[in-house]
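What's in upload_21.cif: mmCIF, C-alpha atoms and all ligand atoms
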data_coords
loop_
_atom_site.label_atom_id
_atom_site.label_comp_id
_atom_site.auth_asym_id
_atom_site.auth_seq_id
_atom_site.Cartn_x
_atom_site.Cartn_y
_atom_site.Cartn_z
CA MET A 1112 82.01 128.01 6.35
CA ALA A 1113 82.99 127.07 9.92
CA ALA A 1114 84.68 123.75 10.76
CA ALA A 1115 82.21 120.88 10.71
CA PRO A 1116 81.47 118.36 13.44
CA LEU A 1117 82.52 114.76 12.72
CA VAL A 1118 79.05 113.60 11.65
CA LEU A 1119 76.53 115.49 9.53
CA VAL A 1120 72.94 114.36 10.04
CA MET A 1121 70.82 115.45 7.09
CA MET A 1122 67.12 114.93 6.48
CA GLY A 1123 64.83 115.84 3.63
CA SER A 1124 62.14 117.49 5.73
CA LYS A 1125 61.52 118.79 9.24
CA SER A 1126 58.86 116.06 9.39
CA ASP A 1127 61.77 113.55 9.59
CA TRP A 1128 63.19 115.13 12.74
CA GLU A 1129 61.07 113.26 15.27
CA VAL A 1130 62.74 110.05 14.08
CA MET A 1131 66.16 111.46 13.25
CA ARG A 1132 66.60 113.12 16.64
CA GLN A 1133 67.19 109.54 17.82
CA ALA A 1134 70.34 109.42 15.70
CA ALA A 1135 71.41 112.73 17.21
CA ASP A 1136 70.69 111.41 20.72
CA VAL A 1137 72.91 108.36 20.13
CA LEU A 1138 75.75 110.54 18.84
CA THR A 1139 75.37 112.82 21.86
CA GLY A 1140 75.53 109.77 24.12
CA PHE A 1141 78.90 108.81 22.63
CA GLY A 1142 80.16 112.38 22.79
CA VAL A 1143 80.48 112.57 18.99
CA SER A 1144 80.15 116.07 17.56
CA HIS A 1145 77.42 116.39 14.96
CA GLU A 1146 75.33 118.88 13.04
CA CYS A 1147 71.69 118.30 12.06
CA ARG A 1148 70.18 120.02 9.00
CA VAL A 1149 67.12 119.85 6.83
CA LEU A 1150 68.22 119.81 3.18
CA SER A 1151 66.31 118.21 0.35
CA ALA A 1152 67.58 116.62 -2.84
CA HIS A 1153 64.65 118.03 -4.80
CA ARG A 1154 63.46 121.08 -2.81
CA THR A 1155 66.92 122.57 -2.13
CA PRO A 1156 69.15 120.79 -4.69
CA LYS A 1157 71.80 123.53 -5.00
CA GLU A 1158 72.22 124.00 -1.25
CA THR A 1159 72.35 120.23 -0.70
CA ALA A 1160 75.14 119.83 -3.25
CA GLU A 1161 77.09 122.76 -1.79
CA TYR A 1162 76.74 121.54 1.79
CA VAL A 1163 77.87 118.00 1.00
CA SER A 1164 80.66 119.10 -1.35
CA GLY A 1165 82.12 121.22 1.45
CA ALA A 1166 81.76 118.60 4.18
CA GLU A 1167 85.17 116.92 3.80
CA GLY A 1168 86.99 120.25 3.66
CA ARG A 1169 85.27 121.27 6.89
CA GLY A 1170 86.48 118.10 8.67
CA ALA A 1171 83.36 115.92 8.65
CA GLU A 1172 84.02 112.16 8.40
CA VAL A 1173 80.57 110.57 8.06
CA ILE A 1174 77.26 111.73 6.59
CA ILE A 1175 73.89 110.35 7.64
CA ALA A 1176 71.09 111.16 5.20
CA ALA A 1177 67.42 110.38 5.89
CA ALA A 1178 64.52 110.79 3.51
CA GLY A 1179 61.10 109.39 2.75
CA GLY A 1180 59.14 108.63 -0.41
CA ALA A 1181 61.27 108.87 -3.56
CA ALA A 1182 64.17 109.06 -1.14
CA HIS A 1183 67.09 110.07 -3.30
CA LEU A 1184 68.79 112.30 -0.69
CA ALA A 1185 71.41 109.77 0.41
CA GLY A 1186 72.31 108.89 -3.18
CA VAL A 1187 72.59 112.54 -4.16
CA CYS A 1188 74.80 113.19 -1.12
CA ALA A 1189 77.00 110.22 -2.01
CA ALA A 1190 77.40 111.61 -5.53
CA HIS A 1191 78.97 114.77 -4.12
CA THR A 1192 81.46 113.31 -1.63
CA VAL A 1193 83.77 110.36 -1.02
CA LEU A 1194 82.90 110.41 2.70
CA PRO A 1195 80.86 107.37 3.81
CA VAL A 1196 77.13 108.09 3.44
CA LEU A 1197 74.65 106.17 5.61
CA GLY A 1198 71.06 106.26 4.36
CA VAL A 1199 68.00 106.03 6.61
CA PRO A 1200 64.69 105.38 4.83
CA MET A 1201 61.82 107.22 6.52
CA GLU A 1202 58.47 105.55 6.94
CA SER A 1203 56.09 107.06 4.38
CA ALA A 1204 52.32 107.50 4.56
CA SER A 1205 51.42 105.63 1.40
CA LEU A 1206 53.82 102.69 1.28
CA LYS A 1207 55.04 102.47 4.89
CA GLY A 1208 58.60 103.24 3.85
CA LEU A 1209 59.04 100.50 1.27
CA ASP A 1210 59.35 103.24 -1.34
CA SER A 1211 61.98 105.02 0.81
CA LEU A 1212 63.88 101.79 1.42
CA LEU A 1213 64.12 100.87 -2.25
CA SER A 1214 64.98 104.44 -3.29
CA THR A 1215 67.82 104.52 -0.76
CA VAL A 1216 69.20 100.99 -1.00
CA GLN A 1217 69.09 100.31 -4.73
CA MET A 1218 72.08 102.42 -5.74
CA PRO A 1219 73.63 101.48 -9.08
CA ALA A 1220 77.25 100.30 -8.75
CA GLY A 1221 79.87 103.00 -8.36
CA ILE A 1222 78.29 105.33 -5.78
CA PRO A 1223 77.62 103.44 -2.54
CA VAL A 1224 75.09 104.27 0.17
CA GLY A 1225 75.16 102.15 3.33
CA THR A 1226 71.45 101.70 3.96
CA LEU A 1227 69.95 101.05 7.40
CA ALA A 1228 66.49 99.90 8.46
CA ILE A 1229 63.31 101.94 7.95
CA GLY A 1230 62.51 104.44 10.71
CA PRO A 1231 63.74 104.66 14.32
CA ALA A 1232 65.84 101.47 14.25
CA GLY A 1233 67.61 102.78 11.16
CA ALA A 1234 68.17 106.18 12.75
CA ARG A 1235 69.75 104.69 15.88
CA ASN A 1236 71.79 102.15 13.94
CA ALA A 1237 73.06 104.78 11.50
CA ALA A 1238 74.47 106.67 14.46
CA LEU A 1239 75.99 103.50 15.95
CA LEU A 1240 77.54 102.65 12.59
CA ALA A 1241 78.91 106.18 12.30
CA VAL A 1242 80.50 105.74 15.74
CA ALA A 1243 81.97 102.40 14.61
CA ILE A 1244 83.46 104.06 11.50
CA LEU A 1245 84.98 106.84 13.60
CA ALA A 1246 86.22 104.25 16.12
CA GLY A 1247 88.59 102.84 13.49
CA SER A 1248 91.06 105.59 14.40
CA ARG A 1249 89.75 106.45 17.88
CA PRO A 1250 90.36 103.74 20.54
CA GLU A 1251 88.22 105.57 23.10
CA LEU A 1252 85.18 105.27 20.83
CA ARG A 1253 85.85 101.57 20.28
CA GLU A 1254 85.92 101.11 24.05
CA ALA A 1255 82.68 103.10 24.40
CA LEU A 1256 81.03 100.82 21.82
CA ARG A 1257 82.14 97.73 23.77
CA LYS A 1258 80.68 99.25 26.97
CA PHE A 1259 77.41 100.07 25.15
CA ARG A 1260 77.07 96.46 23.93
CA ALA A 1261 77.86 95.05 27.38
CA GLU A 1262 75.27 97.30 29.04
CA GLN A 1263 72.71 96.37 26.39
CA SER A 1264 73.30 92.67 27.03
CA ALA A 1265 73.15 93.11 30.81
CA LYS A 1266 69.81 94.94 30.49
CA ILE A 1267 68.29 92.10 28.46
CA LEU A 1268 69.57 89.48 30.90
CA ARG A 1269 68.02 91.35 33.85
CA GLU A 1270 64.56 91.31 32.28
CA THR A 1271 61.83 89.27 33.95
CA LEU A 1272 58.41 88.29 32.61
CA SER A 1273 55.39 88.54 34.88
C1 LIG B 1 61.05 113.68 1.81
O1 LIG B 1 59.67 113.72 1.70
C2 LIG B 1 61.33 113.93 3.26
O2 LIG B 1 62.50 113.28 3.63
C3 LIG B 1 60.12 113.41 3.99
O3 LIG B 1 60.36 112.13 4.57
C4 LIG B 1 59.07 113.28 2.89
C5 LIG B 1 57.85 114.11 3.17
O4 LIG B 1 58.24 115.44 3.40
P1 LIG B 1 57.17 116.53 3.88
O5 LIG B 1 56.13 116.62 2.80
O6 LIG B 1 56.63 116.04 5.20
O7 LIG B 1 57.95 117.80 4.05
O8 LIG B 1 61.67 114.63 1.01
#
Please, can you express the file's structure as structure tokens?
Amino acid sequence: MAAAPLVLVMMGSKSDWEVMRQAADVLTGFGVSHECRVLSAHRTPKETAEYVSGAEGRGAEVIIAAAGGAAHLAGVCAAHTVLPVLGVPMESASLKGLDSLLSTVQMPAGIPVGTLAIGPAGARNAALLAVAILAGSRPELREALRKFRAEQSAKILRETLS
């Protein structure tokens, strides 16, 4: 397989893409190379395991995994790699994502998943956290994160209420 981008953005279904494209947009904004793929822990188990097992060898450094319902994708990914795995619980129709949150966050000790918020906030924050992880050895990314925070603060402080 070809060399991988730094961040792999995985999701259990194409129906997750509307939310997860926000993670991709954040990574694009920081100039971080990434690859987005639909792979499911239960619908494509073999391909999921193969993709994640090969990620480190291809040069990837962080995996973001989003899923809804019985959302075991992030945990399954984490079982197949020592790369940091960030889990994003998708909002679900029946339980509003509480099922996804618990399925992603409640990992038994030994195989960690860094779990973010349900839905769009989680998608964006997963990307920001991935940038922060990469920034540990990339001063230019750390500087870009500082600039992002400063701009975010300035935008809030400019707001007026009418
Ligand atoms: C999960 O099931 C996916 O991550 C998605 O959030 C949820 C529903 O998938 P679809 O039935 O919309 O394909 O595997």
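Minimum atom-to-atom distance to Asp1210 in chain A, evaluated using only C-alpha atoms, belongs to A:His1183 out of A:Arg1269, A:His1183, A:Arg1132, A:Arg1257.
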For the contact check between chain A and ligand LIG 1 (chain B), emit one row per residue of chain A within 12 Å, containing the shortest atom pair and the distance in Å rounded to one decimal, counting only C-alpha atoms and all ligand atoms, chain then rising number order, as a Markdown table.
| residue | atom | partner | partner_atom | distance |
| --- | --- | --- | --- | --- |
| A:Met1121 | CA | B:LIG1 | O2 | 9.3 |
| A:Met1122 | CA | B:LIG1 | O2 | 5.7 |
| A:Gly1123 | CA | B:LIG1 | O2 | 3.5 |
| A:Ser1124 | CA | B:LIG1 | C2 | 4.4 |
| A:Lys1125 | CA | B:LIG1 | O7 | 6.4 |
| A:Ser1126 | CA | B:LIG1 | O6 | 4.7 |
| A:Asp1127 | CA | B:LIG1 | O3 | 5.4 |
| A:Trp1128 | CA | B:LIG1 | O3 | 9.2 |
| A:Glu1129 | CA | B:LIG1 | O3 | 10.8 |
| A:Val1130 | CA | B:LIG1 | O3 | 10.0 |
| A:Met1131 | CA | B:LIG1 | O2 | 10.5 |
| A:Arg1148 | CA | B:LIG1 | O2 | 11.5 |
| A:Val1149 | CA | B:LIG1 | O2 | 8.6 |
| A:Leu1150 | CA | B:LIG1 | O8 | 8.6 |
| A:Ser1151 | CA | B:LIG1 | O8 | 5.9 |
| A:Ala1152 | CA | B:LIG1 | O8 | 7.3 |
| A:His1153 | CA | B:LIG1 | O8 | 7.4 |
| A:Arg1154 | CA | B:LIG1 | O8 | 7.7 |
| A:Thr1155 | CA | B:LIG1 | O8 | 10.0 |
| A:Pro1156 | CA | B:LIG1 | O8 | 11.2 |
| A:Ala1176 | CA | B:LIG1 | O2 | 9.0 |
| A:Ala1177 | CA | B:LIG1 | O2 | 6.1 |
| A:Ala1178 | CA | B:LIG1 | O2 | 3.2 |
| A:Gly1179 | CA | B:LIG1 | O3 | 3.4 |
| A:Gly1180 | CA | B:LIG1 | O1 | 5.5 |
| A:Ala1181 | CA | B:LIG1 | C1 | 7.2 |
| A:Ala1182 | CA | B:LIG1 | C1 | 6.3 |
| A:His1183 | CA | B:LIG1 | O8 | 8.3 |
| A:Leu1184 | CA | B:LIG1 | O8 | 7.7 |
| A:Ala1185 | CA | B:LIG1 | O2 | 10.1 |
| A:Gly1198 | CA | B:LIG1 | O2 | 11.1 |
| A:Val1199 | CA | B:LIG1 | O2 | 9.6 |
| A:Pro1200 | CA | B:LIG1 | O3 | 8.0 |
| A:Met1201 | CA | B:LIG1 | O3 | 5.5 |
| A:Glu1202 | CA | B:LIG1 | O3 | 7.2 |
| A:Ser1203 | CA | B:LIG1 | O3 | 6.6 |
| A:Ala1204 | CA | B:LIG1 | C5 | 8.7 |
| A:Ser1205 | CA | B:LIG1 | C5 | 10.8 |
| A:Leu1206 | CA | B:LIG1 | C4 | 11.9 |
| A:Lys1207 | CA | B:LIG1 | O3 | 11.0 |
| A:Gly1208 | CA | B:LIG1 | O3 | 9.1 |
| A:Asp1210 | CA | B:LIG1 | O3 | 10.7 |
| A:Ser1211 | CA | B:LIG1 | O3 | 8.2 |
| A:Leu1212 | CA | B:LIG1 | O3 | 11.4 |
| A:Ser1214 | CA | B:LIG1 | C1 | 11.3 |
| A:Thr1215 | CA | B:LIG1 | O2 | 11.1 |
| A:Ile1229 | CA | B:LIG1 | O3 | 11.1 |
| A:Gly1230 | CA | B:LIG1 | O3 | 10.1 |
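Note that CA of Ala1238 in chain A and CA of Lys1258 in chain A are 15.8 Å apart.
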Worksheet entry | Who sits within 9 Å of His1145 in chain A, only C-alpha atoms, same chain under 2 positions skipped, as a ChimeraX atom specification | /A:1115-1120,1135,1138-1139,1143,1147,1171
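Of the listed residues (A:Glu1158, A:Glu1146, A:Glu1172, A:Glu1270), A:Glu1172 comes nearest to Ala1243 in chain A; the distances count all atoms listed in the file.
Computed from the coordinates, the CA of Pro1223 in chain A to CA of Arg1169 in chain A distance equals 21.6 Å.
The two atoms in question, CA of Glu1167 in chain A and CA of Thr1192 in chain A, are spaced 7.5 Å apart.
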Worksheet entry | Residues within 8 Å of Gly1225 in chain A, all atoms listed in the file, excluding chain neighbours under 3 positions, as a PyMOL selection string | chain A and resi 1195-1198+1216
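Proximity of A:Gln1217, A:Ser1273, A:Ala1241, A:Ala1228 to Leu1194 in chain A, computed with only C-alpha atoms, is greatest for A:Ala1241.
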